[in-house]
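For reference, the structure is listed below as structure tokens.
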Protein chains: 2
Amino acid sequence: MSVTSSNSGNSVGNGGNAASDSLSVDLSAVIVAVTEDEPKVLAIRSDGPDALPSGRLESQHTTLGAGLRSWVERQTGLSLGYLEQLYTFGDSDRLVHGSAQRVLSIGYLALVREVRADVEGSRSGGIDAVWRDWYRYFPWEDWRRGKPAIVSRMEGQLKRWIAAAAGKEERQLREARVRFAFGSRDIPWSDDRVLERYELLYEAGLVPESHRDGRPTWAPPREALAEGQTMLADHRRVLATGIARLRGKIKYRPVVFELMPPSFRFLQLQHAVEALAGLRLHKSNFRRLVESQGLVEETGEVEAGTGGRPARLLRFRREVLLDRPALGRRLPVVRRNSA
Amino acid sequence: MSVTSSNSGNSVGNGGNAASDSLSVDLSAVIVAVTEDEPKVLAIRSDGPDALPSGRLESQHTTLGAGLRSWVERQTGLSLGYLEQLYTFGDSDRLVHGSAQRVLSIGYLALVREVRADVEGSRSGGIDAVWRDWYRYFPWEDWRRGKPAIVSRMEGQLKRWIAAAAGKEERQLREARVRFAFGSRDIPWSDDRVLERYELLYEAGLVPESHRDGRPTWAPPREALAEGQTMLADHRRVLATGIARLRGKIKYRPVVFELMPPSFRFLQLQHAVEALAGLRLHKSNFRRLVESQGLVEETGEVEAGTGGRPARLLRFRREVLLDRPALGRRLPVVRRNSA
DNA sequence: GTTCGTAATACTAGAATTGAGTATAAGGAG
DNA sequence: CTCCTTATACTCAATTCTAGTATTACGAAC
């Protein structure tokens, strides 16, 4: 069955070759948890670089998301809570060898409530899945303890990449992109430009993947910067997309709670957000923000033994999931009359 | 080549059938323009219902987006400016007949600067492409002249759908979903929940598509509500996704300018945003918002003959595209010291 | 050639939200 | 009992929003 009966004859790409020359579709998942104030992602370990959990799409399930869910559950024993489609990656210039086969990969972001002990290092189904701190792959993204040293080193390298541009125009473009992604005097560093930063490093040849794919726009001195662990194929790019999306989303949707245990302390919540955003937050203002939105309620219990005054325990008010207005209103909508 | 060499044996869906049982991938595009203060979408006209421009993916181009671009340009003569991937639709429960073949469809959102006269009604390449006011497909989304009558009618129907729920729990869930999507006393109607509203109407059988697919959860009285024009297959769902994304995006990224002519008046800009958002905006506050962000600059010219005092013409400051900080900062980040 | 409708632009009082703290309470360890 | 640590409560100034009003300047109708 062809979806657009009216123009099913039109193809993307010049319609030379017939039906489809060997196309395969993978699903891959960025599965995130927060354990002890550190952001974790589920990775598949092997002799080569780590990979994200992924597998071939088959026509078993009615919904793409449902398919991913049941497959992850079977393979890892994890029950995914929140699940969201990220992006479909299909650029054939990112393939290791320009094989005739195009691989589409549909990336998903999943949030799970807590790391279950039996997953850590388990090999159910022959898969060796481990929880990894995601800053292992993106050390430059963690600003909780101030600007990481690696960022300064990168900035130096990027400056050379800018200087190495072909013409003046290209040079200015590169400079603007770097300033946008990494910040500058007037532009603050923004936590959710994870993908932009990674793409820039890829283009500048500062990340092993781009050499492997054979397409850096510039070769840095010697292996100037291989910091941050590589992943298989374009998985790091998918992960960057996931982190960016999550960082963007916590700002206007109560998704953090998908990562919290059923009851938690305020500071615990704050640390979780900080872990994800890679930033430190202002304590009392964060508290006010959460309280003013009615996102949590007290369980009635307190937790002592955390080294200070005992904290009241909180739980997420599930109701708000269906109530919460977008919260990021920006346009000045007319409320009553007037123009 | 298999992307995850470490676990290439694992497939989504139980690994019964081999490689792939006939999978085809389409690209489809929601191409938006604003003409004379009305939001337009490019539709393919035929004897059946309208369709979105779409075509089979082939392995010609290195990038999915580039493929879509060149194909649309060839077919319609339109040069797409802004292009963004929307979502990959692959739910096989939305297919007209449960054929064995699964169709994935990767939706894109494109913004074009202005309706070129030669496209209106042109049939370049045998395609009959027309610009349609998008409220033709979603009449309930236009609140610029207050709450549309159709919304009140829908609310009545939805109330019955709620009442027809199986158990108490299902009933409450339905109610919460309706309140979330359509607003209520305490929850304001939110312009960007276009998809949620459409999905709800689909489930409640208030939209012809759901009967066609044979899966309404409830049959409304007689053809109670067939308002808003249908589209082919799930194209209206794709369009809803596109509108929702665009409405969400104009709030924190300067994308409207992609739809404006090179120079324009303030009120013109405001009307464009209003057309997209389906809402009226507060004039002076909108002006302040735009000005305070340095999004525009005066061209030096004025435009008379608009019925009132002549307006200074503006142009978009392209620089901000690379500068603008996210603008929707929400988290209370620590700026200096302190905790 | 004055008057009226409409649009453009300027200005503003008051409310609400934020940023950045300080002050106080209440455990546990030594 | 004193100190360290964390929790919770309050505060104050700066900024940004809301909802206006006021003024300027055309074009058209009379």
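Each chain of the structure tokens is named A, B, ... in the order shown, its residues numbered from 1; ligands are numbered from 1 in display order.
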Could you produce a table of the residues of chain B lying within 7 Å of chain C, with the nearest pair of atoms per residue and their separation in Å rounded to one decimal, using only C-alpha atoms (C1' of nucleotides), ordered by chain and increasing residue number, as JSON lines?
{"residue": "B:Gly307", "atom": "CA", "partner": "C:DT6", "partner_atom": "C1'", "distance": 5.8}
{"residue": "B:Gly308", "atom": "CA", "partner": "C:DA7", "partner_atom": "C1'", "distance": 4.1}
{"residue": "B:Arg309", "atom": "CA", "partner": "C:DA7", "partner_atom": "C1'", "distance": 5.3}
{"residue": "B:Pro310", "atom": "CA", "partner": "C:DA8", "partner_atom": "C1'", "distance": 6.9}
{"residue": "B:Ala311", "atom": "CA", "partner": "C:DA8", "partner_atom": "C1'", "distance": 6.0}
Next, dump the selected residues to file, keeping only C-alpha atoms, as a PDB file, in the first residue's frame.
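Written out: selection-v8.pdb:
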ATOM      1  CA  GLY B 307      -4.902  53.009   6.247  1.00  0.00           C
ATOM      2  CA  GLY B 308      -3.233  54.820   9.072  1.00  0.00           C
ATOM      3  CA  ARG B 309      -0.027  56.432  10.060  1.00  0.00           C
ATOM      4  CA  PRO B 310       2.758  55.120   7.835  1.00  0.00           C
ATOM      5  CA  ALA B 311       4.850  52.404   9.411  1.00  0.00           C
TER       6      ALA B 311
END
Hey, could you make a per-residue contact list for chain D against chain A with 6 Å as the cut-off, showing the nearest pair of atoms and its distance in Å to one decimal, counting only C-alpha atoms (C1' of nucleotides), sorted by chain and number, as JSON lines?
{"residue": "D:DT5", "atom": "C1'", "partner": "A:Gly308", "partner_atom": "CA", "distance": 4.6}
{"residue": "D:DT6", "atom": "C1'", "partner": "A:Gly308", "partner_atom": "CA", "distance": 3.9}
{"residue": "D:DA7", "atom": "C1'", "partner": "A:Arg309", "partner_atom": "CA", "distance": 5.6}
Those selected residues, please, written with N, CA and C atoms (P, O5', C5', C4', C3', O3' and C1' of nucleotides) and delivered as a PDB file, in the first residue's frame.
ATOM      1  P    DT D   5      30.779  21.065  57.447  1.00  0.00           P
ATOM      2  O5'  DT D   5      29.318  20.449  57.294  1.00  0.00           O
ATOM      3  C5'  DT D   5      29.077  19.090  57.672  1.00  0.00           C
ATOM      4  C4'  DT D   5      27.592  18.830  57.516  1.00  0.00           C
ATOM      5  C3'  DT D   5      27.031  19.443  56.236  1.00  0.00           C
ATOM      6  O3'  DT D   5      26.363  18.451  55.474  1.00  0.00           O
ATOM      7  C1'  DT D   5      25.737  20.106  58.126  1.00  0.00           C
ATOM      8  P    DT D   6      25.973  18.802  53.987  1.00  0.00           P
ATOM      9  O5'  DT D   6      24.384  18.909  54.072  1.00  0.00           O
ATOM     10  C5'  DT D   6      23.647  17.827  54.624  1.00  0.00           C
ATOM     11  C4'  DT D   6      22.349  18.358  55.134  1.00  0.00           C
ATOM     12  C3'  DT D   6      21.468  18.982  54.060  1.00  0.00           C
ATOM     13  O3'  DT D   6      20.289  18.212  53.999  1.00  0.00           O
ATOM     14  C1'  DT D   6      21.490  20.275  56.043  1.00  0.00           C
ATOM     15  P    DA D   7      19.086  18.607  53.053  1.00  0.00           P
ATOM     16  O5'  DA D   7      18.195  19.475  54.057  1.00  0.00           O
ATOM     17  C5'  DA D   7      17.577  18.805  55.138  1.00  0.00           C
ATOM     18  C4'  DA D   7      16.551  19.706  55.763  1.00  0.00           C
ATOM     19  C3'  DA D   7      15.512  20.274  54.809  1.00  0.00           C
ATOM     20  O3'  DA D   7      14.251  20.094  55.428  1.00  0.00           O
ATOM     21  C1'  DA D   7      16.591  22.029  55.975  1.00  0.00           C
TER      22       DA D   7
END
task: For Leu42 in chain B, please output as a PyMOL selection string all residues within 6 Å (counting only C-alpha atoms (C1' of nucleotides); exclusion window: fewer than 3 positions along the same chain).
output: chain B and resi 31+130-131
message: Between CA of Glu170 in chain A and CA of Arg153 in chain A, what is the distance in Å, rounded to a tenth?
response: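 CA of Arg153 in chain A lies at a distance of 22.4 Å from CA of Glu170 in chain A.
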- request: Do a neighbour search on Arg236 in chain A at 9 Å with only C-alpha atoms (C1' of nucleotides), toss out local chain neighbours closer than 6 positions, and write the hits as an MDAnalysis selection string.
  value: chainID A and resid 51:52 137:138 198 209 230
field: Distance query Asn285 in chain B at most 9 Å, only C-alpha atoms (C1' of nucleotides), self and fewer than 6 positions along chain excluded, as a ChimeraX atom specification
entry: /A:331-333 /D:17-18
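Among the candidates A:Thr76, A:Thr63, A:Gln172, A:Ser263, the residue lying nearest to chain B is A:Thr63 (atoms considered: only C-alpha atoms).
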- request: Kindly give the distance, in Å, that separates CA of Trp134 in chain A and CA of Glu38 in chain A, rounded to a single decimal.
  value: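 If I compute the distance from CA of Trp134 in chain A to CA of Glu38 in chain A, I get 8.4 Å.
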query: For chain A, which residue among B:Glu169, B:Glu141, B:Asp37, B:Asp186 is the nearest when counting only C-alpha atoms?
result: B:Asp186
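Here CA of Thr35 in chain B and CA of Ala272 in chain B stand 8.4 Å from one another.
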- request: Using DSSP on the backbone, list every residue of range 281-325 of chain A that comes out as strand (DSSP E or B), and give them as a PyMOL selection string.
  value: chain A and resi 281+296-303+311-316
Could you write those residues out with N, CA and C atoms, as a PDB file, in the first residue's frame?
ATOM      1  N   LEU A 281      22.427  24.731  40.681  1.00  0.00           N
ATOM      2  CA  LEU A 281      21.258  25.592  40.754  1.00  0.00           C
ATOM      3  C   LEU A 281      21.217  26.333  42.084  1.00  0.00           C
ATOM      4  N   VAL A 296       5.051  18.975  43.831  1.00  0.00           N
ATOM      5  CA  VAL A 296       5.279  17.938  44.852  1.00  0.00           C
ATOM      6  C   VAL A 296       4.369  18.145  46.061  1.00  0.00           C
ATOM      7  N   GLU A 297       4.241  17.091  46.831  1.00  0.00           N
ATOM      8  CA  GLU A 297       3.523  17.207  48.098  1.00  0.00           C
ATOM      9  C   GLU A 297       4.306  16.399  49.126  1.00  0.00           C
ATOM     10  N   GLU A 298       4.095  16.731  50.397  1.00  0.00           N
ATOM     11  CA  GLU A 298       4.832  16.026  51.433  1.00  0.00           C
ATOM     12  C   GLU A 298       4.198  14.661  51.686  1.00  0.00           C
ATOM     13  N   THR A 299       5.057  13.686  51.955  1.00  0.00           N
ATOM     14  CA  THR A 299       4.516  12.360  52.242  1.00  0.00           C
ATOM     15  C   THR A 299       4.113  12.270  53.710  1.00  0.00           C
ATOM     16  N   GLY A 300       4.622  13.203  54.521  1.00  0.00           N
ATOM     17  CA  GLY A 300       4.356  13.146  55.953  1.00  0.00           C
ATOM     18  C   GLY A 300       5.537  12.560  56.713  1.00  0.00           C
ATOM     19  N   GLU A 301       6.372  11.848  56.000  1.00  0.00           N
ATOM     20  CA  GLU A 301       7.530  11.277  56.671  1.00  0.00           C
ATOM     21  C   GLU A 301       8.730  12.214  56.586  1.00  0.00           C
ATOM     22  N   VAL A 302       9.699  11.934  57.436  1.00  0.00           N
ATOM     23  CA  VAL A 302      10.948  12.677  57.351  1.00  0.00           C
ATOM     24  C   VAL A 302      12.103  11.696  57.229  1.00  0.00           C
ATOM     25  N   GLU A 303      13.175  12.173  56.679  1.00  0.00           N
ATOM     26  CA  GLU A 303      14.347  11.322  56.585  1.00  0.00           C
ATOM     27  C   GLU A 303      15.469  11.938  57.397  1.00  0.00           C
ATOM     28  N   ALA A 311      15.007  15.942  56.778  1.00  0.00           N
ATOM     29  CA  ALA A 311      14.207  16.534  55.714  1.00  0.00           C
ATOM     30  C   ALA A 311      12.854  15.853  55.600  1.00  0.00           C
ATOM     31  N   ARG A 312      11.853  16.644  55.275  1.00  0.00           N
ATOM     32  CA  ARG A 312      10.557  16.051  54.975  1.00  0.00           C
ATOM     33  C   ARG A 312      10.661  15.357  53.620  1.00  0.00           C
ATOM     34  N   LEU A 313      10.021  14.252  53.540  1.00  0.00           N
ATOM     35  CA  LEU A 313      10.048  13.554  52.258  1.00  0.00           C
ATOM     36  C   LEU A 313       8.915  14.035  51.363  1.00  0.00           C
ATOM     37  N   LEU A 314       9.195  14.045  50.092  1.00  0.00           N
ATOM     38  CA  LEU A 314       8.216  14.529  49.129  1.00  0.00           C
ATOM     39  C   LEU A 314       7.847  13.429  48.148  1.00  0.00           C
ATOM     40  N   ARG A 315       6.715  13.613  47.530  1.00  0.00           N
ATOM     41  CA  ARG A 315       6.387  12.762  46.386  1.00  0.00           C
ATOM     42  C   ARG A 315       5.867  13.657  45.273  1.00  0.00           C
ATOM     43  N   PHE A 316       5.977  13.141  44.068  1.00  0.00           N
ATOM     44  CA  PHE A 316       5.510  13.868  42.898  1.00  0.00           C
ATOM     45  C   PHE A 316       3.991  13.817  42.853  1.00  0.00           C
TER      46      PHE A 316
END
